[in-house]
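Following: one structure in structure tokens, then a few remarks.
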Protein chains: 2
Amino acid sequence: MSKHSHDHVHSCVSLVPIFNHLEKEQMDEISATAHTRQFKKGEFIYQPQEESNSLYIVHKGFVRIYRLTESGKEQLVRFLGPGDFTGEMALFRSSLHDSFAEATRDTSVCVITKDELQPLLAAYPAISLKILAEFSNRLEQSERQTTIVATEKVEIRLAMFLVELLEEDSNVATLPMSKKDLASFLGTTPETISRKLGSLEDRGLIRQISNREIAIMDADELLLG
Amino acid sequence: MSKHSHDHVHSCVSLVPIFNHLEKEQMDEISATAHTRQFKKGEFIYQPQEESNSLYIVHKGFVRIYRLTESGKEQLVRFLGPGDFTGEMALFRSSLHDSFAEATRDTSVCVITKDELQPLLAAYPAISLKILAEFSNRLEQSERQTTIVATEKVEIRLAMFLVELLEEDSNVATLPMSKKDLASFLGTTPETISRKLGSLEDRGLIRQISNREIAIMDADELLLG
DNA sequence: CGCTAACTTGATTAAAATCAATGCAGGTGG
DNA sequence: CCACCTGCATTGATTTTAATCAAGTTAGCG
């Protein structure tokens, strides 16, 4: 308790899955190196071409990660909430960012630079193992996302996304982002999202409660197409 | 030289990027734990639902990694040649495979089990860092692949794939897989691949030399669509 | 309260999947 | 070594899917 009162950085680091369950000594060492930065809605944590040398952990707020394709279209790659992190690519090989990280509302972020983290990784193998586990998850998820976009029709992609959003004991999915971003994430257009939701509602599979809330009436039927 | 003659396993491990540039002592320890397995064309290194507890490093031959979607279609996720590896997901969190790993010709593979590797990771942080770097690459590549599939038309996807295949000082791309698999990898059908290649050839941008070889006449124009 | 961006709806066009038929090549066994 | 067989590849016709273009409509925010 007394710790918390004079060290609010600690609370930031401790909510990150990567750093959970480490020994107290290690936690303190990490906390000492991490610092917090605030971003207002619309500000960028990083942009393409900037040098990439920090791990960013979302503490409060939301961050959307997107790229611009050659043809100028934007594609949402990931969407981060509290506890999620980004910038990890850069920690292990020097490179430039190739995407935008934009705060979608006022957001606070824990920052740990490459130079700060590397000694810790060398000293405490347990941290590396944690990060490896997290990477595995991310990689698997990314490959699954690729598969889905490559093989399923928009309606199925949308249905899968909605069902994944469901929380335990609830049939209401709350969209974490705008429908515009959702369209981009699913590799389609806002128009098509709008129409597909309409069609699903007509068939009684969902009900659109509000702009961001959708009740799932029949998850099984939904996933079958 | 004398090493090689009595320890062919060493040559297997040493060709993997992950394990390069480690100190001799560590290399020897890894080599001691790895063992080699042979697979004939069409045999599976692993299949979905099997427990996932080994790292597989391709030594000779080729392996295609693919999944079956709910709707029964197969999607090629990755294609491995010598030095590439798979199974890494499983090393850091227990789980079941969700994809097929099939040898596309007679193939030899180095195997290191989770139980064998974990102590090494704990003992030598440098190995974890290597693996982390490799994961970063893979993750970035996977996210880029998603972006491309989600935002670009088939013709552009195909063009990008071909151009990436080009070696230094050559304008001939050699396909590492069948066109059927290529179609699957790019999220389209063999028919469409066939037509797009025809169209690109008509426009003088490429020339189809043989089934597996394609000369790129104008890479810049190709990528513009 | 008004402005802007997000969203919706409709009409049209474009892209690619599907269906169907045939051609081709590489590997196998006689 | 040749002929066959099987899976791969091509080509054409058609249908399906979703993008694009064009107007509105709504909603949230200053």
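Numbering starts fresh at 1 for the residues of each chain in the structure tokens, the chains themselves are lettered A, B, ... in the order given, and ligands are numbered from 1 as they appear.
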
Mobile chain A placed on reference chain B by ordered C-alpha fit, as a PDB file with C-alpha atoms, in the first residue's frame:
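Saved the output as out-v4.pdb:
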```pdb
ATOM      1  CA  MET A   1      36.454 -30.218 -39.430  1.00  0.00           C
ATOM      2  CA  SER A   2      36.888 -33.141 -37.156  1.00  0.00           C
ATOM      3  CA  LYS A   3      33.737 -31.970 -35.427  1.00  0.00           C
ATOM      4  CA  HIS A   4      31.662 -32.281 -38.559  1.00  0.00           C
ATOM      5  CA  SER A   5      32.788 -35.753 -39.297  1.00  0.00           C
ATOM      6  CA  HIS A   6      31.410 -37.241 -36.117  1.00  0.00           C
ATOM      7  CA  ASP A   7      28.515 -34.886 -35.469  1.00  0.00           C
ATOM      8  CA  HIS A   8      26.267 -34.271 -38.428  1.00  0.00           C
ATOM      9  CA  VAL A   9      23.532 -32.884 -36.169  1.00  0.00           C
ATOM     10  CA  HIS A  10      25.658 -29.855 -35.607  1.00  0.00           C
ATOM     11  CA  SER A  11      25.441 -28.885 -39.240  1.00  0.00           C
ATOM     12  CA  CYS A  12      21.672 -28.953 -38.987  1.00  0.00           C
ATOM     13  CA  VAL A  13      21.393 -26.613 -36.046  1.00  0.00           C
ATOM     14  CA  SER A  14      24.037 -24.259 -37.308  1.00  0.00           C
ATOM     15  CA  LEU A  15      22.164 -23.356 -40.445  1.00  0.00           C
ATOM     16  CA  VAL A  16      19.296 -21.874 -38.519  1.00  0.00           C
ATOM     17  CA  PRO A  17      19.383 -18.110 -38.167  1.00  0.00           C
ATOM     18  CA  ILE A  18      18.147 -18.320 -34.605  1.00  0.00           C
ATOM     19  CA  PHE A  19      21.173 -20.207 -33.450  1.00  0.00           C
ATOM     20  CA  ASN A  20      23.842 -18.476 -35.443  1.00  0.00           C
ATOM     21  CA  HIS A  21      26.471 -16.385 -33.720  1.00  0.00           C
ATOM     22  CA  LEU A  22      26.020 -18.055 -30.390  1.00  0.00           C
ATOM     23  CA  GLU A  23      29.065 -19.117 -28.487  1.00  0.00           C
ATOM     24  CA  LYS A  24      30.532 -22.496 -29.229  1.00  0.00           C
ATOM     25  CA  GLU A  25      29.662 -23.899 -25.846  1.00  0.00           C
ATOM     26  CA  GLN A  26      25.999 -23.080 -26.320  1.00  0.00           C
ATOM     27  CA  MET A  27      25.918 -24.387 -29.847  1.00  0.00           C
ATOM     28  CA  ASP A  28      27.276 -27.707 -28.740  1.00  0.00           C
ATOM     29  CA  GLU A  29      24.727 -27.970 -25.998  1.00  0.00           C
ATOM     30  CA  ILE A  30      21.916 -27.322 -28.451  1.00  0.00           C
ATOM     31  CA  SER A  31      23.310 -29.724 -30.985  1.00  0.00           C
ATOM     32  CA  ALA A  32      23.436 -32.420 -28.349  1.00  0.00           C
ATOM     33  CA  THR A  33      19.719 -32.111 -27.654  1.00  0.00           C
ATOM     34  CA  ALA A  34      18.503 -31.802 -31.235  1.00  0.00           C
ATOM     35  CA  HIS A  35      17.689 -34.842 -33.317  1.00  0.00           C
ATOM     36  CA  THR A  36      16.803 -35.262 -36.947  1.00  0.00           C
ATOM     37  CA  ARG A  37      13.696 -36.765 -38.510  1.00  0.00           C
ATOM     38  CA  GLN A  38      12.965 -37.650 -42.100  1.00  0.00           C
ATOM     39  CA  PHE A  39       9.645 -37.138 -43.867  1.00  0.00           C
ATOM     40  CA  LYS A  40       8.663 -38.395 -47.271  1.00  0.00           C
ATOM     41  CA  LYS A  41       6.730 -36.261 -49.714  1.00  0.00           C
ATOM     42  CA  GLY A  42       3.154 -35.938 -48.537  1.00  0.00           C
ATOM     43  CA  GLU A  43       3.825 -36.913 -44.946  1.00  0.00           C
ATOM     44  CA  PHE A  44       2.809 -34.616 -42.140  1.00  0.00           C
ATOM     45  CA  ILE A  45       5.217 -33.172 -39.595  1.00  0.00           C
ATOM     46  CA  TYR A  46       2.155 -32.382 -37.506  1.00  0.00           C
ATOM     47  CA  GLN A  47      -1.593 -32.064 -37.834  1.00  0.00           C
ATOM     48  CA  PRO A  48      -4.364 -30.180 -36.042  1.00  0.00           C
ATOM     49  CA  GLN A  49      -5.316 -31.427 -32.601  1.00  0.00           C
ATOM     50  CA  GLU A  50      -1.918 -32.963 -32.032  1.00  0.00           C
ATOM     51  CA  GLU A  51      -0.135 -31.663 -29.014  1.00  0.00           C
ATOM     52  CA  SER A  52       2.350 -29.034 -29.864  1.00  0.00           C
ATOM     53  CA  ASN A  53       5.619 -29.355 -28.003  1.00  0.00           C
ATOM     54  CA  SER A  54       8.520 -29.193 -30.429  1.00  0.00           C
ATOM     55  CA  LEU A  55      10.375 -26.726 -32.536  1.00  0.00           C
ATOM     56  CA  TYR A  56      10.874 -28.018 -36.079  1.00  0.00           C
ATOM     57  CA  ILE A  57      13.661 -26.627 -38.203  1.00  0.00           C
ATOM     58  CA  VAL A  58      13.685 -27.482 -41.897  1.00  0.00           C
ATOM     59  CA  HIS A  59      17.064 -28.812 -42.915  1.00  0.00           C
ATOM     60  CA  LYS A  60      16.428 -30.038 -46.423  1.00  0.00           C
ATOM     61  CA  GLY A  61      13.245 -29.955 -48.478  1.00  0.00           C
ATOM     62  CA  PHE A  62      10.072 -27.877 -48.203  1.00  0.00           C
ATOM     63  CA  VAL A  63       7.116 -27.776 -45.904  1.00  0.00           C
ATOM     64  CA  ARG A  64       3.764 -26.157 -46.444  1.00  0.00           C
ATOM     65  CA  ILE A  65       1.760 -24.946 -43.461  1.00  0.00           C
ATOM     66  CA  TYR A  66      -1.948 -24.661 -44.062  1.00  0.00           C
ATOM     67  CA  ARG A  67      -5.286 -24.675 -42.307  1.00  0.00           C
ATOM     68  CA  LEU A  68      -8.738 -25.802 -43.143  1.00  0.00           C
ATOM     69  CA  THR A  69     -11.376 -23.160 -42.589  1.00  0.00           C
ATOM     70  CA  GLU A  70     -14.770 -23.936 -41.105  1.00  0.00           C
ATOM     71  CA  SER A  71     -16.138 -24.062 -44.603  1.00  0.00           C
ATOM     72  CA  GLY A  72     -13.541 -26.671 -45.545  1.00  0.00           C
ATOM     73  CA  LYS A  73     -11.352 -24.545 -47.755  1.00  0.00           C
ATOM     74  CA  GLU A  74      -7.637 -24.804 -47.256  1.00  0.00           C
ATOM     75  CA  GLN A  75      -5.496 -21.759 -46.810  1.00  0.00           C
ATOM     76  CA  LEU A  76      -1.740 -21.729 -47.087  1.00  0.00           C
ATOM     77  CA  VAL A  77      -0.315 -19.818 -44.151  1.00  0.00           C
ATOM     78  CA  ARG A  78       3.415 -20.211 -44.715  1.00  0.00           C
ATOM     79  CA  PHE A  79       5.842 -22.087 -46.876  1.00  0.00           C
ATOM     80  CA  LEU A  80       9.132 -23.194 -45.333  1.00  0.00           C
ATOM     81  CA  GLY A  81      12.473 -23.868 -46.984  1.00  0.00           C
ATOM     82  CA  PRO A  82      15.817 -24.827 -45.440  1.00  0.00           C
ATOM     83  CA  GLY A  83      16.562 -22.742 -42.345  1.00  0.00           C
ATOM     84  CA  ASP A  84      12.936 -21.837 -41.697  1.00  0.00           C
ATOM     85  CA  PHE A  85      11.186 -23.208 -38.658  1.00  0.00           C
ATOM     86  CA  THR A  86       7.764 -23.838 -37.223  1.00  0.00           C
ATOM     87  CA  GLY A  87       6.189 -25.025 -34.018  1.00  0.00           C
ATOM     88  CA  GLU A  88       7.527 -22.106 -32.068  1.00  0.00           C
ATOM     89  CA  MET A  89       4.085 -21.046 -30.881  1.00  0.00           C
ATOM     90  CA  ALA A  90       3.851 -24.112 -28.783  1.00  0.00           C
ATOM     91  CA  LEU A  91       7.100 -23.625 -26.997  1.00  0.00           C
ATOM     92  CA  PHE A  92       5.886 -20.884 -24.748  1.00  0.00           C
ATOM     93  CA  ARG A  93       2.312 -21.829 -24.039  1.00  0.00           C
ATOM     94  CA  SER A  94       0.843 -25.278 -24.113  1.00  0.00           C
ATOM     95  CA  SER A  95      -1.629 -25.792 -26.874  1.00  0.00           C
ATOM     96  CA  LEU A  96      -2.719 -27.949 -29.775  1.00  0.00           C
ATOM     97  CA  HIS A  97      -1.704 -27.436 -33.358  1.00  0.00           C
ATOM     98  CA  ASP A  98      -4.369 -25.828 -35.491  1.00  0.00           C
ATOM     99  CA  SER A  99      -2.692 -26.280 -38.829  1.00  0.00           C
ATOM    100  CA  PHE A 100      -1.144 -28.928 -41.048  1.00  0.00           C
ATOM    101  CA  ALA A 101       2.589 -29.087 -41.733  1.00  0.00           C
ATOM    102  CA  GLU A 102       3.095 -31.210 -44.826  1.00  0.00           C
ATOM    103  CA  ALA A 103       6.356 -32.084 -46.552  1.00  0.00           C
ATOM    104  CA  THR A 104       6.003 -31.221 -50.235  1.00  0.00           C
ATOM    105  CA  ARG A 105       8.951 -33.463 -51.049  1.00  0.00           C
ATOM    106  CA  ASP A 106      11.347 -35.665 -49.153  1.00  0.00           C
ATOM    107  CA  THR A 107      12.396 -33.502 -46.271  1.00  0.00           C
ATOM    108  CA  SER A 108      14.631 -33.676 -43.213  1.00  0.00           C
ATOM    109  CA  VAL A 109      13.834 -31.704 -40.117  1.00  0.00           C
ATOM    110  CA  CYS A 110      15.665 -30.926 -36.878  1.00  0.00           C
ATOM    111  CA  VAL A 111      13.507 -31.383 -33.825  1.00  0.00           C
ATOM    112  CA  ILE A 112      13.985 -29.793 -30.416  1.00  0.00           C
ATOM    113  CA  THR A 113      11.329 -30.437 -27.815  1.00  0.00           C
ATOM    114  CA  LYS A 114       9.967 -27.886 -25.421  1.00  0.00           C
ATOM    115  CA  ASP A 115      11.460 -29.709 -22.461  1.00  0.00           C
ATOM    116  CA  GLU A 116      14.849 -29.702 -24.086  1.00  0.00           C
ATOM    117  CA  LEU A 117      14.764 -26.058 -25.046  1.00  0.00           C
ATOM    118  CA  GLN A 118      13.365 -24.415 -21.924  1.00  0.00           C
ATOM    119  CA  PRO A 119      16.459 -25.013 -19.756  1.00  0.00           C
ATOM    120  CA  LEU A 120      18.650 -23.637 -22.500  1.00  0.00           C
ATOM    121  CA  LEU A 121      16.569 -20.496 -22.715  1.00  0.00           C
ATOM    122  CA  ALA A 122      16.798 -19.987 -19.002  1.00  0.00           C
ATOM    123  CA  ALA A 123      20.539 -20.562 -19.013  1.00  0.00           C
ATOM    124  CA  TYR A 124      21.429 -18.497 -22.072  1.00  0.00           C
ATOM    125  CA  PRO A 125      19.476 -15.266 -22.486  1.00  0.00           C
ATOM    126  CA  ALA A 126      21.167 -14.707 -25.828  1.00  0.00           C
ATOM    127  CA  ILE A 127      19.091 -17.493 -27.319  1.00  0.00           C
ATOM    128  CA  SER A 128      15.864 -15.885 -26.214  1.00  0.00           C
ATOM    129  CA  LEU A 129      16.939 -12.619 -27.744  1.00  0.00           C
ATOM    130  CA  LYS A 130      17.629 -14.379 -31.027  1.00  0.00           C
ATOM    131  CA  ILE A 131      14.243 -15.986 -31.028  1.00  0.00           C
ATOM    132  CA  LEU A 132      12.594 -12.719 -30.120  1.00  0.00           C
ATOM    133  CA  ALA A 133      14.243 -11.040 -33.075  1.00  0.00           C
ATOM    134  CA  GLU A 134      13.054 -13.815 -35.346  1.00  0.00           C
ATOM    135  CA  PHE A 135       9.539 -13.536 -33.966  1.00  0.00           C
ATOM    136  CA  SER A 136       9.558  -9.822 -34.606  1.00  0.00           C
ATOM    137  CA  ASN A 137      10.333 -10.455 -38.235  1.00  0.00           C
ATOM    138  CA  ARG A 138       7.662 -13.066 -38.570  1.00  0.00           C
ATOM    139  CA  LEU A 139       5.088 -10.911 -36.859  1.00  0.00           C
ATOM    140  CA  GLU A 140       5.844  -7.958 -39.047  1.00  0.00           C
ATOM    141  CA  GLN A 141       5.652 -10.098 -42.137  1.00  0.00           C
ATOM    142  CA  SER A 142       2.386 -11.623 -41.064  1.00  0.00           C
ATOM    143  CA  GLU A 143       0.833  -8.244 -40.391  1.00  0.00           C
ATOM    144  CA  ARG A 144       2.030  -6.980 -43.730  1.00  0.00           C
ATOM    145  CA  GLN A 145       0.522 -10.018 -45.416  1.00  0.00           C
ATOM    146  CA  THR A 146      -2.786  -9.285 -43.709  1.00  0.00           C
ATOM    147  CA  THR A 147      -2.692  -5.694 -44.868  1.00  0.00           C
ATOM    148  CA  ILE A 148      -1.995  -6.704 -48.427  1.00  0.00           C
ATOM    149  CA  VAL A 149      -4.716  -9.313 -48.587  1.00  0.00           C
ATOM    150  CA  ALA A 150      -7.179  -6.934 -46.954  1.00  0.00           C
ATOM    151  CA  THR A 151      -6.530  -3.905 -49.128  1.00  0.00           C
ATOM    152  CA  GLU A 152      -5.052  -4.817 -52.485  1.00  0.00           C
ATOM    153  CA  LYS A 153      -6.655  -6.401 -55.500  1.00  0.00           C
ATOM    154  CA  VAL A 154      -5.509  -9.826 -56.620  1.00  0.00           C
ATOM    155  CA  GLU A 155      -3.403  -8.451 -59.430  1.00  0.00           C
ATOM    156  CA  ILE A 156      -1.390  -6.243 -57.083  1.00  0.00           C
ATOM    157  CA  ARG A 157      -0.984  -9.020 -54.530  1.00  0.00           C
ATOM    158  CA  LEU A 158       0.314 -11.275 -57.263  1.00  0.00           C
ATOM    159  CA  ALA A 159       2.656  -8.605 -58.580  1.00  0.00           C
ATOM    160  CA  MET A 160       4.074  -7.933 -55.119  1.00  0.00           C
ATOM    161  CA  PHE A 161       4.624 -11.612 -54.547  1.00  0.00           C
ATOM    162  CA  LEU A 162       6.478 -12.030 -57.821  1.00  0.00           C
ATOM    163  CA  VAL A 163       8.704  -9.029 -57.267  1.00  0.00           C
ATOM    164  CA  GLU A 164       9.630 -10.237 -53.779  1.00  0.00           C
ATOM    165  CA  LEU A 165      10.775 -13.496 -55.294  1.00  0.00           C
ATOM    166  CA  LEU A 166      13.358 -11.804 -57.475  1.00  0.00           C
ATOM    167  CA  GLU A 167      16.945 -12.515 -56.579  1.00  0.00           C
ATOM    168  CA  GLU A 168      19.746 -10.036 -56.911  1.00  0.00           C
ATOM    169  CA  ASP A 169      20.714  -9.443 -60.541  1.00  0.00           C
ATOM    170  CA  SER A 170      17.978 -11.587 -61.986  1.00  0.00           C
ATOM    171  CA  ASN A 171      14.619 -10.835 -63.464  1.00  0.00           C
ATOM    172  CA  VAL A 172      13.287 -14.365 -63.243  1.00  0.00           C
ATOM    173  CA  ALA A 173      11.038 -15.299 -60.347  1.00  0.00           C
ATOM    174  CA  THR A 174      10.943 -18.996 -59.491  1.00  0.00           C
ATOM    175  CA  LEU A 175       7.738 -20.016 -57.746  1.00  0.00           C
ATOM    176  CA  PRO A 176       8.489 -22.014 -54.594  1.00  0.00           C
ATOM    177  CA  MET A 177       5.095 -23.733 -54.715  1.00  0.00           C
ATOM    178  CA  SER A 178       2.333 -24.820 -57.046  1.00  0.00           C
ATOM    179  CA  LYS A 179       0.015 -22.216 -58.491  1.00  0.00           C
ATOM    180  CA  LYS A 180      -2.763 -23.843 -56.560  1.00  0.00           C
ATOM    181  CA  ASP A 181      -0.921 -23.122 -53.323  1.00  0.00           C
ATOM    182  CA  LEU A 182       0.018 -19.691 -54.533  1.00  0.00           C
ATOM    183  CA  ALA A 183      -3.643 -18.928 -55.117  1.00  0.00           C
ATOM    184  CA  SER A 184      -4.432 -20.103 -51.619  1.00  0.00           C
ATOM    185  CA  PHE A 185      -1.611 -18.051 -50.127  1.00  0.00           C
ATOM    186  CA  LEU A 186      -2.825 -14.927 -51.882  1.00  0.00           C
ATOM    187  CA  GLY A 187      -6.420 -15.553 -50.919  1.00  0.00           C
ATOM    188  CA  THR A 188      -7.767 -16.255 -54.376  1.00  0.00           C
ATOM    189  CA  THR A 189      -8.382 -19.171 -56.777  1.00  0.00           C
ATOM    190  CA  PRO A 190      -6.171 -20.955 -59.329  1.00  0.00           C
ATOM    191  CA  GLU A 191      -8.444 -19.748 -62.122  1.00  0.00           C
ATOM    192  CA  THR A 192      -7.928 -16.131 -61.167  1.00  0.00           C
ATOM    193  CA  ILE A 193      -4.156 -16.574 -60.874  1.00  0.00           C
ATOM    194  CA  SER A 194      -4.101 -18.078 -64.329  1.00  0.00           C
ATOM    195  CA  ARG A 195      -6.081 -15.236 -65.821  1.00  0.00           C
ATOM    196  CA  LYS A 196      -4.129 -12.494 -64.076  1.00  0.00           C
ATOM    197  CA  LEU A 197      -0.823 -13.959 -65.230  1.00  0.00           C
ATOM    198  CA  GLY A 198      -2.227 -14.081 -68.728  1.00  0.00           C
ATOM    199  CA  SER A 199      -3.328 -10.493 -68.534  1.00  0.00           C
ATOM    200  CA  LEU A 200       0.047  -9.328 -67.191  1.00  0.00           C
ATOM    201  CA  GLU A 201       1.775 -11.177 -70.001  1.00  0.00           C
ATOM    202  CA  ASP A 202      -0.502  -9.611 -72.627  1.00  0.00           C
ATOM    203  CA  ARG A 203       0.503  -6.211 -71.324  1.00  0.00           C
ATOM    204  CA  GLY A 204       4.152  -7.149 -71.628  1.00  0.00           C
ATOM    205  CA  LEU A 205       4.894  -6.812 -67.925  1.00  0.00           C
ATOM    206  CA  ILE A 206       5.931 -10.413 -67.437  1.00  0.00           C
ATOM    207  CA  ARG A 207       6.707 -13.487 -69.489  1.00  0.00           C
ATOM    208  CA  GLN A 208       5.760 -16.982 -68.423  1.00  0.00           C
ATOM    209  CA  ILE A 209       8.795 -19.104 -69.149  1.00  0.00           C
ATOM    210  CA  SER A 210       7.634 -22.361 -67.623  1.00  0.00           C
ATOM    211  CA  ASN A 211       5.182 -23.519 -65.046  1.00  0.00           C
ATOM    212  CA  ARG A 212       7.376 -22.388 -62.200  1.00  0.00           C
ATOM    213  CA  GLU A 213       9.400 -19.602 -63.808  1.00  0.00           C
ATOM    214  CA  ILE A 214       8.273 -16.109 -64.632  1.00  0.00           C
ATOM    215  CA  ALA A 215      10.404 -13.352 -66.101  1.00  0.00           C
ATOM    216  CA  ILE A 216       9.642  -9.872 -64.808  1.00  0.00           C
ATOM    217  CA  MET A 217       9.955  -7.387 -67.650  1.00  0.00           C
ATOM    218  CA  ASP A 218       8.979  -4.215 -65.809  1.00  0.00           C
ATOM    219  CA  ALA A 219       8.844  -4.457 -62.034  1.00  0.00           C
ATOM    220  CA  ASP A 220       7.956  -0.812 -61.485  1.00  0.00           C
ATOM    221  CA  GLU A 221       5.012  -0.792 -63.852  1.00  0.00           C
ATOM    222  CA  LEU A 222       3.918  -4.121 -62.407  1.00  0.00           C
ATOM    223  CA  LEU A 223       3.527  -2.744 -58.903  1.00  0.00           C
ATOM    224  CA  LEU A 224       1.521   0.249 -60.015  1.00  0.00           C
ATOM    225  CA  GLY A 225      -1.337  -1.837 -61.322  1.00  0.00           C
TER     226      GLY A 225
END
```

Run DSSP on the backbone of this structure and report the residues of segment 34-210 of chain A it assigns to alpha helix (DSSP H), as a ChimeraX atom specification. /A:114-123,125-151,154-165,179-185,190-202

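Within 9 Å of DT20 of chain D, once only C-alpha atoms (C1' of nucleotides) are used and residues closer than 4 positions along the same chain are dropped, the contacting residues are C:DT12, C:DT13, C:DA14.
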
Identify all chain C residues at most 12 Å from chain B by counting only C-alpha atoms (C1' of nucleotides); ligands do not count. Present them as a count of residues only. 9

Two-atom distance - atom C1' of DT16 of chain D, atom C1' of DA6 of chain C (Å): 28.8 Å

Each residue of chain D lying at most 12 Å from chain B should get a row with its shortest atom-to-atom pair and the distance in Å to one decimal, counting only C-alpha atoms (C1' of nucleotides); could you produce that, ordered by chain and increasing number, as a tab-separated table?
```
residue	atom	partner	partner_atom	distance
D:DG7	C1'	B:Lys180	CA	10.6
D:DC8	C1'	B:Lys180	CA	7.5
D:DA9	C1'	B:Ser194	CA	7.6
D:DT10	C1'	B:Ser194	CA	6.8
D:DT11	C1'	B:Arg195	CA	8.7
D:DG12	C1'	B:Glu191	CA	11.1
D:DA19	C1'	B:Lys153	CA	11.0
```

Residues within 12 Å of DC2 of chain D, only C-alpha atoms (C1' of nucleotides), excluding chain neighbours under 3 positions, as a ChimeraX atom specification: /C:28-30

Just the strand (DSSP E or B) stuff from segment 1-218 of chain A, please, per backbone DSSP, written as number ranges by chain. A: 35-39, 44-46, 51-52, 54-60, 63-68, 74-80, 85-86, 95-96, 100-103, 107-113, 172-174, 206-208, 213-216

Separation of atom C1' of DG30 of chain D and atom C1' of DT9 of chain C, in Å?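 Atom C1' of DG30 of chain D sits 29.0 Å away from atom C1' of DT9 of chain C.
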